[in-house]
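Novice: Okay, handing you the structure first.
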Amino acid sequence: MNDIDIELICVRKTYGNNLVVNDINLAIPKGEFVSLLGPSGCGKTTTLNMIAGFQEPTGGEIRIRGRNQAGVPPEKRNIGLVFQNYALFPHMTVAENVGFGLKMKGTPRAEIEQTVRTALKSVHLEGLEARYPKELSGGQQQRTALARAIAPRPSVLLLDEPLSNLDLKLREAMRVELKEIQQQLGMTFVYVTHDQEEAMAMSDRVVVMSGGVITQEDKPEHIYNAPRTSFVADFIGKSNIFAVSLRPAADDRQEIVINGSSIALAIAADQPKVATAKFCCIRPEDVRVVGNDVSAKDANVLDGTICKTVNLGAHLDLWIAVDRDIMIKALVRSSRSNQLKVGNPVSISIAPAAIRLLAE
Amino acid sequence: MTIVATDSPAAPARRAFTLRGYVPLFPPFAVLLLFFAVPIGMMIGISVQDPKTSQFSMASYQRFLTDGLIIAGLFRTILMSGLVAICVTVMAYPVAYFLARSTSRWRAVVFALAIAPELAGVVLRTYGWLIILEDRGFVNDALIWLGFVSSPLPLAKNLFGVVVGLTHVVLPFGILALLTSIQGIDPNIEKAAQILGASRLSVIRHILLPLSIPGIVSSLLISFTMAASAYATPALLGGARFKVLATMIFEQIMFYINWPMAAVMAIVLLVLMLAITFAGGRVETRLHKKLNI
């Protein structure tokens with residue numbers, strides 16, 4: 001139990017009749033980078049605020065390093081927090097901002113200076129000690145906020161969508177850097193975001209939330225490859241999701257029928273058994289556009305018409321109508337774009353193993 | 001007046017319809033000129049007349065500077081206004097903070113209660129305080145009945161009574177001045193300080209107070225000038241002995257029919273308030289720069 005940093009036990013939060021967080025259970029081991037991922041209103045920020053101590057849970061228990069935090073105010077929790085809008089102290093220099101936490105702890109001045117220097121170095125802000133927040137760029141403010149949060153060496157760092165105010169290039173660079181800093185410090189990071197790419201890129205574990213409950217928690221690649229529900233499949237990455245029904249096929253195998261159409265698809269035999277499968281998920285990159293030389297024996301081959309193409313640079317997004325109301329999205333290399341014009345007939349193949357059944 | 005003077009026509013070569021652009025400004029200028037600049041000019045004119053002969057004379061200015069009673073009145077005005085400014089700002093701060101931060105349903109009620117006193121006239125409220133504070137008033141009756149004192153405490157007809165009454169009158173303005181300033185401080189900044197280990201007191205000292213200095217300065221300024229120019233409250237709650245410039249001006253006009261002396265006092269009061277406002281503005285700008293807000 002000693003290496004569990006944060007533990008949420010049946011944590012619930014209601015505002016009046018509004019259930020925001022519904023009996024969440026979560027254990028975060030020391031040194032793990034965990035993302036709370038979900039659309040706005042899913043309860044992820046409320047969960048973060050409860051861990052920080054700004055909101056008290058209505059029910060359940062939050063433990064930090066094994067100790068129940070009920071009634072413990074934020075300033076006594078030894079937690080770091082990076083805000084979405086950074087919330088830097090406008091009347092203090094970068095160095096004063098970063099040293100604030102240590103000053104509050106009564107750290108000697110020389111030691112504060114030393115630690116501030118180290119913290120600023122780790123976020124590459126050396127030389128900006130005397131600047132005021134107003135004189136910094138958005139990226140520099142973000143780094144200052146990060147340095148301020150890590151300088152007092154909290155055991156846990158909470159990050160509330162810290163990259164969402166940066167432009168794309170900087171955001172992508174910061175993802176890599178954040179992960180590096182986290183690994184260097186060996187600090188537990190709890191990262192709240194609605195951006196699935198961010199969560200996938202940095203996390204050791206992704207906790208997908210929706211409607212106040214945890215829908216799925218797993219390693220990023222598992223979440224992507226094996227979503228448990230249609231919500232997760234839809235929220236994480238792109239996917240084709242169809243309502244389906246199961247039916248037995250020849251040789252003891254099973255196939256699915258996409259509801260409201262005549263399309264039947266064979267599914268892999270080793271597909272985890274989902275007795276009451278209601279949906280299936282097919283990733284666009286698993287949909288292959290094939291020429292006349294269909295050789296994949298096991299593949300489900302469908303004929304369709306290209307309805308829409310979107311050029312993404314290296315890749316091409318295709319919308320292919322395979323039946324009256326059934327549209328399948330495919331992701332192909334752009335090098336083939338001259339054959340793939342709107343209105344052209346096309347054959348696609350979907351490997352049975354690429355079809356995932358979802359219970360809900 | 002200076003505004004009117006600096007309103008020089010711009011070079012027509014640069015902008016063709018300069019004069020037309022200023023047309024909407026004429027009515028307010030006219031009003032200001034007629035009801036502000038002209039009376040002040042007349043007041044200055046009266047102040048340099050001899051009270052008896054109406055000849056040019058600086059006698060009234062001379063008397064102001066040499067008459068101990070008048071100088072005492074000036075310092076009493078400064079003391080009273082300063083105390084009111086401090087009392088108002090100290091009392092308004094927690095209310096303004098609550099109003100700026102609260103999301104509770106009581107916010108609207110507190111806001112209404114904070115502003116409601118302004119709906120009753122100053123005279124009405126001042127009489128209210130007189131009933132509470134005078135020798136046979138509510139507070140003294142209660143204290144005597146409870147046996148805390150044997151004879152009434154001097155709560156009215158002195159500095160204490162006037163400061164209490166004026167604080168009540170001016171408080172809503174202090175609240176509004178501070179409210180605007182505190183609302184401009186991002187609540188996350190306080191949260192950030194808190195999670196970094198700052199106690200409630202440290203947040204106030206290191207974050208809230210420095211960042212709300214503009215609001216504190218404007219609350220002090222508004223309270224000071226309102227207190228210094230108030231007439232009814234010091235007249236009623238101050239009694240015959242507690243005289244400030246505002247009540248002394250009234251006396252000079254009504255009892256002594258000494259218009260030049262009244263004009264000099266009014267000018268001193270005006271200069272005092274201009275000086276305070278200017279100094280406050282300077283302090284604020286400098287702190288603004290220093291605080292980077």
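Chain lettering (A, B, ...) mirrors the order of the structure tokens, residue numbering begins at 1 for each chain separately, and ligand numbering begins at 1 in order of display.
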Please report, as CSV, each residue of chain A lying at most 10 Å from chain B, together with the nearest pair of atoms and the separation in Å rounded to one decimal; use only C-alpha atoms, and order rows by chain and ascending residue number.

Specialist:
residue,atom,partner,partner_atom,distance
A:Ala52,CA,B:Ile195,CA,7.4
A:Gly53,CA,B:Ile195,CA,8.6
A:Phe54,CA,B:Lys191,CA,8.0
A:Pro73,CA,B:Ile195,CA,8.7
A:Pro74,CA,B:Ile195,CA,5.2
A:Glu75,CA,B:Gly197,CA,4.0
A:Lys76,CA,B:Gly197,CA,6.4
A:Arg77,CA,B:Ile195,CA,7.6
A:Asn78,CA,B:Gly197,CA,7.3
A:Ile79,CA,B:Ile195,CA,6.6
A:Gly80,CA,B:Ile195,CA,6.6
A:Leu81,CA,B:Ile195,CA,6.9
A:Val82,CA,B:Ala192,CA,8.1
A:Phe83,CA,B:Asn188,CA,7.6
A:Gln84,CA,B:Asn188,CA,9.5
A:Asn85,CA,B:Asn188,CA,8.3
A:Tyr86,CA,B:Asn188,CA,8.4
A:Ala87,CA,B:Ile189,CA,4.8
A:Leu88,CA,B:Ile189,CA,6.4
A:Phe89,CA,B:Ile189,CA,6.4
A:Pro90,CA,B:Asn292,CA,6.2
A:His91,CA,B:Leu291,CA,4.3
A:Met92,CA,B:Leu291,CA,7.4
A:Thr93,CA,B:Asn292,CA,9.5
A:Asn97,CA,B:Ala193,CA,9.5
A:Val98,CA,B:Leu196,CA,9.9
A:Gly99,CA,B:Leu196,CA,9.8
A:Phe100,CA,B:Leu196,CA,7.2
A:Gly101,CA,B:Leu196,CA,4.6
A:Leu102,CA,B:Leu196,CA,8.0
A:Lys103,CA,B:Gly197,CA,9.0
A:Met104,CA,B:Ala198,CA,5.6
A:Lys105,CA,B:Gly197,CA,6.7
A:Tyr132,CA,B:Asn292,CA,7.3
A:Pro133,CA,B:Asn292,CA,8.6
A:Lys134,CA,B:Asn292,CA,7.4
A:Glu135,CA,B:Asn292,CA,9.5
A:Ala145,CA,B:Ala192,CA,9.5
A:Arg148,CA,B:Leu196,CA,8.5
A:Ala149,CA,B:Leu196,CA,7.4
A:Ile150,CA,B:Leu196,CA,9.8
A:Ala151,CA,B:Leu196,CA,9.6
A:Pro152,CA,B:Leu196,CA,7.7
A:Pro154,CA,B:Leu196,CA,9.1

Novice: Can I get the selected residues back with C-alpha atoms, as a PDB file, in the first residue's frame?

Specialist:
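Output file again_13.pdb is given in full below:
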ATOM      1  CA  ALA A  52      -6.521  19.301  -4.392  1.00  0.00           C
ATOM      2  CA  GLY A  53      -8.910  20.011  -1.535  1.00  0.00           C
ATOM      3  CA  PHE A  54     -10.788  22.911  -3.099  1.00  0.00           C
ATOM      4  CA  PRO A  73      -7.243  22.145   3.551  1.00  0.00           C
ATOM      5  CA  PRO A  74      -5.373  22.488   0.229  1.00  0.00           C
ATOM      6  CA  GLU A  75      -2.370  24.215   1.842  1.00  0.00           C
ATOM      7  CA  LYS A  76      -1.745  21.162   4.046  1.00  0.00           C
ATOM      8  CA  ARG A  77      -1.893  18.534   1.294  1.00  0.00           C
ATOM      9  CA  ASN A  78       1.573  19.014  -0.187  1.00  0.00           C
ATOM     10  CA  ILE A  79       0.278  18.859  -3.721  1.00  0.00           C
ATOM     11  CA  GLY A  80       1.296  20.853  -6.761  1.00  0.00           C
ATOM     12  CA  LEU A  81      -1.234  22.242  -9.192  1.00  0.00           C
ATOM     13  CA  VAL A  82      -0.791  23.750 -12.638  1.00  0.00           C
ATOM     14  CA  PHE A  83      -3.789  25.779 -13.754  1.00  0.00           C
ATOM     15  CA  GLN A  84      -5.122  26.036 -17.254  1.00  0.00           C
ATOM     16  CA  ASN A  85      -4.703  29.827 -17.170  1.00  0.00           C
ATOM     17  CA  TYR A  86      -1.424  29.469 -15.199  1.00  0.00           C
ATOM     18  CA  ALA A  87      -2.638  31.824 -12.416  1.00  0.00           C
ATOM     19  CA  LEU A  88       0.823  33.322 -11.973  1.00  0.00           C
ATOM     20  CA  PHE A  89       1.170  36.043  -9.357  1.00  0.00           C
ATOM     21  CA  PRO A  90       1.255  39.189 -11.518  1.00  0.00           C
ATOM     22  CA  HIS A  91       3.011  41.298  -8.878  1.00  0.00           C
ATOM     23  CA  MET A  92       5.928  38.908  -8.437  1.00  0.00           C
ATOM     24  CA  THR A  93       8.891  38.150 -10.652  1.00  0.00           C
ATOM     25  CA  ASN A  97       6.627  33.117  -8.254  1.00  0.00           C
ATOM     26  CA  VAL A  98       8.679  29.939  -8.311  1.00  0.00           C
ATOM     27  CA  GLY A  99      10.002  30.524  -4.788  1.00  0.00           C
ATOM     28  CA  PHE A 100       6.582  31.272  -3.276  1.00  0.00           C
ATOM     29  CA  GLY A 101       5.812  27.731  -2.173  1.00  0.00           C
ATOM     30  CA  LEU A 102       9.183  27.380  -0.463  1.00  0.00           C
ATOM     31  CA  LYS A 103       8.795  30.766   1.203  1.00  0.00           C
ATOM     32  CA  MET A 104       5.456  29.662   2.619  1.00  0.00           C
ATOM     33  CA  LYS A 105       7.158  26.588   4.029  1.00  0.00           C
ATOM     34  CA  TYR A 132       7.290  39.689 -14.531  1.00  0.00           C
ATOM     35  CA  PRO A 133       4.614  37.324 -15.868  1.00  0.00           C
ATOM     36  CA  LYS A 134       3.288  40.069 -18.138  1.00  0.00           C
ATOM     37  CA  GLU A 135       6.657  40.193 -19.876  1.00  0.00           C
ATOM     38  CA  ALA A 145       3.639  27.842 -13.700  1.00  0.00           C
ATOM     39  CA  ARG A 148       6.350  27.070  -9.464  1.00  0.00           C
ATOM     40  CA  ALA A 149       4.366  23.887  -8.937  1.00  0.00           C
ATOM     41  CA  ILE A 150       7.356  21.526  -8.850  1.00  0.00           C
ATOM     42  CA  ALA A 151       9.761  23.751  -6.870  1.00  0.00           C
ATOM     43  CA  PRO A 152       8.410  22.769  -3.418  1.00  0.00           C
ATOM     44  CA  PRO A 154       5.232  17.972  -3.924  1.00  0.00           C
TER      45      PRO A 154
END

Novice: List the spatial neighbours of Ala95 (chain A) as a list in words - criterion: any atom at most 9 Å away, only C-alpha atoms, same-chain residues fewer than 6 positions off excluded.

Specialist: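 The contact residues come out as Glu113, Val116, Arg117, Leu120, Leu128, Glu129, Ala130, Arg131, Thr144 and Arg148 of chain A.
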
Novice: Run DSSP on the backbone and tell me which residues of region 84-156 of chain A come out as helix (DSSP H, G or I); list them as a PDB file with C-alpha atoms, in the first residue's frame.

Specialist:
ATOM      1  CA  VAL A  94       9.430  34.723 -12.136  1.00  0.00           C
ATOM      2  CA  ALA A  95      11.860  33.903  -9.325  1.00  0.00           C
ATOM      3  CA  GLU A  96       9.411  35.112  -6.660  1.00  0.00           C
ATOM      4  CA  ASN A  97       6.627  33.117  -8.254  1.00  0.00           C
ATOM      5  CA  VAL A  98       8.679  29.939  -8.311  1.00  0.00           C
ATOM      6  CA  GLY A  99      10.002  30.524  -4.788  1.00  0.00           C
ATOM      7  CA  PHE A 100       6.582  31.272  -3.276  1.00  0.00           C
ATOM      8  CA  GLY A 101       5.812  27.731  -2.173  1.00  0.00           C
ATOM      9  CA  LEU A 102       9.183  27.380  -0.463  1.00  0.00           C
ATOM     10  CA  LYS A 103       8.795  30.766   1.203  1.00  0.00           C
ATOM     11  CA  MET A 104       5.456  29.662   2.619  1.00  0.00           C
ATOM     12  CA  ARG A 109      16.559  32.127   1.635  1.00  0.00           C
ATOM     13  CA  ALA A 110      19.732  30.625   0.226  1.00  0.00           C
ATOM     14  CA  GLU A 111      18.025  27.300  -0.218  1.00  0.00           C
ATOM     15  CA  ILE A 112      15.060  28.955  -1.950  1.00  0.00           C
ATOM     16  CA  GLU A 113      17.416  30.612  -4.431  1.00  0.00           C
ATOM     17  CA  GLN A 114      19.129  27.319  -5.118  1.00  0.00           C
ATOM     18  CA  THR A 115      15.876  25.431  -5.624  1.00  0.00           C
ATOM     19  CA  VAL A 116      14.393  28.181  -7.802  1.00  0.00           C
ATOM     20  CA  ARG A 117      17.464  28.017 -10.022  1.00  0.00           C
ATOM     21  CA  THR A 118      17.173  24.245 -10.345  1.00  0.00           C
ATOM     22  CA  ALA A 119      13.439  24.418 -11.064  1.00  0.00           C
ATOM     23  CA  LEU A 120      13.885  27.106 -13.706  1.00  0.00           C
ATOM     24  CA  LYS A 121      16.661  25.103 -15.280  1.00  0.00           C
ATOM     25  CA  SER A 122      14.509  22.021 -15.542  1.00  0.00           C
ATOM     26  CA  PRO A 133       4.614  37.324 -15.868  1.00  0.00           C
ATOM     27  CA  LYS A 134       3.288  40.069 -18.138  1.00  0.00           C
ATOM     28  CA  GLU A 135       6.657  40.193 -19.876  1.00  0.00           C
ATOM     29  CA  GLY A 138       2.400  32.153 -23.279  1.00  0.00           C
ATOM     30  CA  GLY A 139       4.846  29.257 -23.390  1.00  0.00           C
ATOM     31  CA  GLN A 140       7.170  30.901 -20.884  1.00  0.00           C
ATOM     32  CA  GLN A 141       4.255  31.588 -18.550  1.00  0.00           C
ATOM     33  CA  GLN A 142       3.298  27.953 -18.819  1.00  0.00           C
ATOM     34  CA  ARG A 143       6.827  26.875 -17.903  1.00  0.00           C
ATOM     35  CA  THR A 144       6.884  29.320 -14.995  1.00  0.00           C
ATOM     36  CA  ALA A 145       3.639  27.842 -13.700  1.00  0.00           C
ATOM     37  CA  LEU A 146       5.153  24.379 -13.992  1.00  0.00           C
ATOM     38  CA  ALA A 147       8.366  25.423 -12.232  1.00  0.00           C
ATOM     39  CA  ARG A 148       6.350  27.070  -9.464  1.00  0.00           C
ATOM     40  CA  ALA A 149       4.366  23.887  -8.937  1.00  0.00           C
ATOM     41  CA  ILE A 150       7.356  21.526  -8.850  1.00  0.00           C
TER      42      ILE A 150
END

Novice: Please provide as a PyMOL selection string all residues within 9 Å of region 328-336 of chain A, with the sequence filter that same-chain residues fewer than 6 positions apart are discarded (counting only C-alpha atoms).

Specialist: chain A and resi 238-241+282-289+311-322+348

Novice: Could those residues be written to a file, using N, CA and C atoms, as an mmCIF file, in the first residue's frame?

Specialist:
data_model
loop_
_atom_site.group_PDB
_atom_site.id
_atom_site.type_symbol
_atom_site.label_atom_id
_atom_site.label_comp_id
_atom_site.auth_asym_id
_atom_site.auth_seq_id
_atom_site.Cartn_x
_atom_site.Cartn_y
_atom_site.Cartn_z
ATOM 1 N N LYS A 238 -10.332 8.045 -34.045
ATOM 2 C CA LYS A 238 -11.485 8.010 -34.934
ATOM 3 C C LYS A 238 -11.946 6.565 -35.053
ATOM 4 N N SER A 239 -13.223 6.385 -35.266
ATOM 5 C CA SER A 239 -13.675 5.018 -35.431
ATOM 6 C C SER A 239 -15.000 4.971 -36.173
ATOM 7 N N ASN A 240 -15.231 3.794 -36.782
ATOM 8 C CA ASN A 240 -16.531 3.492 -37.353
ATOM 9 C C ASN A 240 -17.271 2.691 -36.299
ATOM 10 N N ILE A 241 -18.405 3.224 -35.853
ATOM 11 C CA ILE A 241 -19.166 2.497 -34.847
ATOM 12 C C ILE A 241 -20.535 2.170 -35.422
ATOM 13 N N ILE A 282 -14.671 -0.224 -35.747
ATOM 14 C CA ILE A 282 -13.631 -0.513 -36.732
ATOM 15 C C ILE A 282 -12.823 0.764 -36.919
ATOM 16 N N ARG A 283 -11.516 0.692 -36.650
ATOM 17 C CA ARG A 283 -10.681 1.895 -36.813
ATOM 18 C C ARG A 283 -10.502 2.186 -38.302
ATOM 19 N N PRO A 284 -10.540 3.445 -38.709
ATOM 20 C CA PRO A 284 -10.409 3.790 -40.135
ATOM 21 C C PRO A 284 -9.115 3.267 -40.748
ATOM 22 N N GLU A 285 -8.030 3.221 -39.941
ATOM 23 C CA GLU A 285 -6.770 2.744 -40.528
ATOM 24 C C GLU A 285 -6.789 1.234 -40.767
ATOM 25 N N ASP A 286 -7.768 0.541 -40.191
ATOM 26 C CA ASP A 286 -7.890 -0.897 -40.417
ATOM 27 C C ASP A 286 -8.745 -1.217 -41.635
ATOM 28 N N VAL A 287 -9.348 -0.189 -42.195
ATOM 29 C CA VAL A 287 -10.151 -0.396 -43.401
ATOM 30 C C VAL A 287 -9.210 -0.243 -44.589
ATOM 31 N N ARG A 288 -9.041 -1.309 -45.346
ATOM 32 C CA ARG A 288 -8.092 -1.227 -46.459
ATOM 33 C C ARG A 288 -8.830 -1.090 -47.784
ATOM 34 N N VAL A 289 -8.339 -0.189 -48.585
ATOM 35 C CA VAL A 289 -8.913 -0.024 -49.916
ATOM 36 C C VAL A 289 -8.152 -0.968 -50.837
ATOM 37 N N ASN A 311 -8.184 15.601 -47.529
ATOM 38 C CA ASN A 311 -6.742 15.409 -47.583
ATOM 39 C C ASN A 311 -6.089 15.943 -46.313
ATOM 40 N N LEU A 312 -5.424 15.069 -45.584
ATOM 41 C CA LEU A 312 -4.788 15.472 -44.331
ATOM 42 C C LEU A 312 -3.285 15.613 -44.492
ATOM 43 N N GLY A 313 -2.815 15.702 -45.732
ATOM 44 C CA GLY A 313 -1.380 15.773 -45.954
ATOM 45 C C GLY A 313 -0.847 14.390 -46.243
ATOM 46 N N ALA A 314 -0.323 13.744 -45.210
ATOM 47 C CA ALA A 314 0.235 12.416 -45.420
ATOM 48 C C ALA A 314 -0.859 11.384 -45.666
ATOM 49 N N HIS A 315 -2.020 11.663 -45.093
ATOM 50 C CA HIS A 315 -3.111 10.695 -45.214
ATOM 51 C C HIS A 315 -4.346 11.317 -45.846
ATOM 52 N N LEU A 316 -5.232 10.403 -46.227
ATOM 53 C CA LEU A 316 -6.466 10.809 -46.880
ATOM 54 C C LEU A 316 -7.612 10.184 -46.100
ATOM 55 N N ASP A 317 -8.564 11.007 -45.716
ATOM 56 C CA ASP A 317 -9.769 10.493 -45.065
ATOM 57 C C ASP A 317 -10.798 10.189 -46.139
ATOM 58 N N LEU A 318 -11.332 8.984 -46.129
ATOM 59 C CA LEU A 318 -12.350 8.635 -47.123
ATOM 60 C C LEU A 318 -13.648 8.281 -46.425
ATOM 61 N N TRP A 319 -14.742 8.751 -46.996
ATOM 62 C CA TRP A 319 -16.060 8.284 -46.544
ATOM 63 C C TRP A 319 -16.598 7.413 -47.672
ATOM 64 N N ILE A 320 -16.846 6.151 -47.359
ATOM 65 C CA ILE A 320 -17.261 5.219 -48.408
ATOM 66 C C ILE A 320 -18.643 4.678 -48.089
ATOM 67 N N ALA A 321 -19.570 4.899 -49.020
ATOM 68 C CA ALA A 321 -20.921 4.375 -48.819
ATOM 69 C C ALA A 321 -20.942 2.927 -49.299
ATOM 70 N N VAL A 322 -21.283 2.005 -48.382
ATOM 71 C CA VAL A 322 -21.297 0.597 -48.769
ATOM 72 C C VAL A 322 -22.716 0.053 -48.836
ATOM 73 N N ILE A 348 -13.374 -2.354 -50.396
ATOM 74 C CA ILE A 348 -12.628 -2.268 -49.148
ATOM 75 C C ILE A 348 -12.626 -3.622 -48.465
#

Novice: Quick one: residues within 6 Å of region 58-69 of chain B, only C-alpha atoms, excluding same-chain residues fewer than 2 positions away - as a short mmCIF file (atom, residue, chain, number, x, y, z; two decimals) with N, CA and C atoms, in the first residue's frame?

Specialist:
data_model
loop_
_atom_site.label_atom_id
_atom_site.label_comp_id
_atom_site.auth_asym_id
_atom_site.auth_seq_id
_atom_site.Cartn_x
_atom_site.Cartn_y
_atom_site.Cartn_z
N VAL B 48 -11.38 87.19 -2.71
CA VAL B 48 -10.38 88.26 -2.62
C VAL B 48 -11.03 89.63 -2.40
N ILE B 71 -7.93 77.13 11.66
CA ILE B 71 -6.92 76.11 11.39
C ILE B 71 -7.30 74.81 12.10
N ALA B 72 -7.81 74.94 13.33
CA ALA B 72 -8.26 73.74 14.06
C ALA B 72 -9.36 73.04 13.28
N MET B 261 -14.97 85.10 3.57
CA MET B 261 -14.39 84.08 4.45
C MET B 261 -14.89 82.69 4.07
#

Novice: Please identify which residues in region 149-333 of chain A DSSP calls strand (DSSP E or B) from the backbone, and express them as a JSON list (two decimals) with C-alpha atoms, in the first residue's frame.

Specialist:
[["chain", "number", "residue", "atom", "x", "y", "z"],
["A", 156, "VAL", "CA", 1.85, 14.69, -6.49],
["A", 157, "LEU", "CA", 1.40, 17.19, -9.29],
["A", 158, "LEU", "CA", -2.07, 17.91, -10.62],
["A", 159, "LEU", "CA", -2.33, 19.49, -14.05],
["A", 160, "ASP", "CA", -5.59, 21.02, -15.21],
["A", 188, "THR", "CA", 3.12, 11.32, -9.67],
["A", 189, "PHE", "CA", 1.30, 13.35, -12.31],
["A", 190, "VAL", "CA", -2.46, 13.54, -12.54],
["A", 191, "TYR", "CA", -3.28, 15.19, -15.82],
["A", 192, "VAL", "CA", -6.77, 16.39, -16.63],
["A", 193, "THR", "CA", -7.52, 16.89, -20.30],
["A", 205, "ARG", "CA", -2.45, 5.14, -17.79],
["A", 206, "VAL", "CA", -5.54, 6.81, -19.18],
["A", 207, "VAL", "CA", -8.72, 7.06, -17.15],
["A", 208, "VAL", "CA", -11.64, 7.81, -19.46],
["A", 209, "MET", "CA", -14.53, 9.51, -17.70],
["A", 210, "SER", "CA", -18.02, 10.28, -18.86],
["A", 213, "VAL", "CA", -18.12, 7.69, -13.85],
["A", 214, "ILE", "CA", -14.94, 6.00, -15.03],
["A", 215, "THR", "CA", -15.75, 4.30, -18.32],
["A", 216, "GLN", "CA", -12.41, 2.63, -18.80],
["A", 217, "GLU", "CA", -8.92, 2.83, -17.36],
["A", 218, "ASP", "CA", -5.94, 1.23, -19.01],
["A", 240, "ASN", "CA", -16.53, 3.49, -37.35],
["A", 241, "ILE", "CA", -19.17, 2.50, -34.85],
["A", 242, "PHE", "CA", -22.18, 0.47, -35.91],
["A", 243, "ALA", "CA", -25.07, -1.02, -34.05],
["A", 244, "VAL", "CA", -24.85, -4.74, -34.78],
["A", 245, "SER", "CA", -26.37, -8.08, -33.94],
["A", 246, "LEU", "CA", -24.47, -11.34, -33.63],
["A", 247, "ARG", "CA", -25.35, -14.46, -35.55],
["A", 248, "PRO", "CA", -23.68, -17.83, -35.97],
["A", 254, "GLN", "CA", -19.68, -16.00, -35.74],
["A", 255, "GLU", "CA", -20.46, -13.01, -37.80],
["A", 256, "ILE", "CA", -22.17, -9.71, -37.19],
["A", 257, "VAL", "CA", -24.87, -7.99, -39.15],
["A", 258, "ILE", "CA", -24.91, -4.23, -39.20],
["A", 264, "ALA", "CA", -22.55, -9.22, -42.68],
["A", 265, "LEU", "CA", -18.97, -9.25, -41.43],
["A", 266, "ALA", "CA", -16.97, -12.21, -40.17],
["A", 279, "PHE", "CA", -21.98, -2.29, -31.24],
["A", 280, "CYS", "CA", -18.84, -2.84, -33.19],
["A", 281, "CYS", "CA", -15.88, -0.55, -33.68],
["A", 282, "ILE", "CA", -13.63, -0.51, -36.73],
["A", 287, "VAL", "CA", -10.15, -0.40, -43.40],
["A", 288, "ARG", "CA", -8.09, -1.23, -46.46],
["A", 289, "VAL", "CA", -8.91, -0.02, -49.92],
["A", 290, "VAL", "CA", -8.19, -2.90, -52.28],
["A", 300, "ASN", "CA", -14.48, -9.07, -45.32],
["A", 301, "VAL", "CA", -14.66, -7.45, -48.71],
["A", 302, "LEU", "CA", -17.30, -4.83, -49.42],
["A", 303, "ASP", "CA", -18.02, -2.74, -52.48],
["A", 304, "GLY", "CA", -18.87, 0.88, -52.16],
["A", 305, "THR", "CA", -18.66, 4.36, -53.58],
["A", 306, "ILE", "CA", -16.44, 7.18, -52.38],
["A", 307, "CYS", "CA", -18.64, 9.96, -51.06],
["A", 308, "LYS", "CA", -16.17, 12.39, -49.58],
["A", 309, "THR", "CA", -12.42, 12.78, -49.29],
["A", 310, "VAL", "CA", -10.44, 14.98, -46.96],
["A", 311, "ASN", "CA", -6.74, 15.41, -47.58],
["A", 315, "HIS", "CA", -3.11, 10.69, -45.21],
["A", 316, "LEU", "CA", -6.47, 10.81, -46.88],
["A", 317, "ASP", "CA", -9.77, 10.49, -45.06],
["A", 318, "LEU", "CA", -12.35, 8.64, -47.12],
["A", 319, "TRP", "CA", -16.06, 8.28, -46.54],
["A", 320, "ILE", "CA", -17.26, 5.22, -48.41],
["A", 321, "ALA", "CA", -20.92, 4.37, -48.82],
["A", 327, "MET", "CA", -20.90, 4.94, -44.38],
["A", 328, "ILE", "CA", -17.47, 3.59, -43.54],
["A", 329, "LYS", "CA", -14.55, 5.89, -42.86],
["A", 330, "ALA", "CA", -11.14, 4.81, -44.09],
["A", 331, "LEU", "CA", -7.69, 6.28, -43.66],
["A", 332, "VAL", "CA", -5.29, 5.68, -46.56],
["A", 333, "ARG", "CA", -1.93, 7.01, -47.69]]

Novice: Nearest residue to Ala268 (chain A) out of A:Arg356, A:Lys219, A:Lys341, A:Lys179, using only C-alpha atoms?

Specialist: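 Ranking A:Arg356, A:Lys219, A:Lys341, A:Lys179 by distance to Ala268 (chain A), first place goes to A:Arg356.
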
Novice: If we count only C-alpha atoms, what is near Asn158 (chain B) at a cut-off of 6 Å, once residues fewer than 3 positions away on the same chain are taken out, given as a ChimeraX atom specification?

Specialist: /B:161,238,242

Novice: Taking N, CA and C atoms for each residue, export the selection above as a PDB file, in the first residue's frame.

Specialist:
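Output contents, as saved in out-v4.pdb:
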ATOM      1  N   GLY B 161     -19.087  60.371  17.110  1.00  0.00           N
ATOM      2  CA  GLY B 161     -20.411  60.300  16.508  1.00  0.00           C
ATOM      3  C   GLY B 161     -20.378  60.620  15.019  1.00  0.00           C
ATOM      4  N   GLY B 238     -22.321  66.261  14.948  1.00  0.00           N
ATOM      5  CA  GLY B 238     -21.177  66.931  15.557  1.00  0.00           C
ATOM      6  C   GLY B 238     -21.577  67.961  16.604  1.00  0.00           C
ATOM      7  N   PHE B 242     -18.295  70.528  17.585  1.00  0.00           N
ATOM      8  CA  PHE B 242     -17.478  69.822  16.594  1.00  0.00           C
ATOM      9  C   PHE B 242     -17.673  70.466  15.226  1.00  0.00           C
TER      10      PHE B 242
END

Novice: Return the single residue from B:Ile257, B:Leu272, B:Val217, B:Leu155 that is closest to Leu245 (chain B), with distances computed using only C-alpha atoms.

Specialist: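 The shortest atom-to-atom distance to Leu245 (chain B) comes from B:Leu272.
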
Novice: Separation of CA of Gly45 (chain B) and CA of Tyr231 (chain B), in Å?

Specialist: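 These atoms are spaced 23.5 Å apart.
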
Novice: Point out the residue among A:Gly31, A:Gly71, A:Gly38, A:Gly16 with the least atom-to-atom distance to Gln182 (chain A), counting only C-alpha atoms.

Specialist: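 Using only C-alpha atoms, Gln182 (chain A) sits closest to A:Gly31.
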
Novice: For CA of Ala354 (chain A) and CA of Arg253 (chain A), quote the distance in Å rounded to one decimal.

Specialist: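 For CA of Ala354 (chain A) relative to CA of Arg253 (chain A), the distance reads 15.7 Å.
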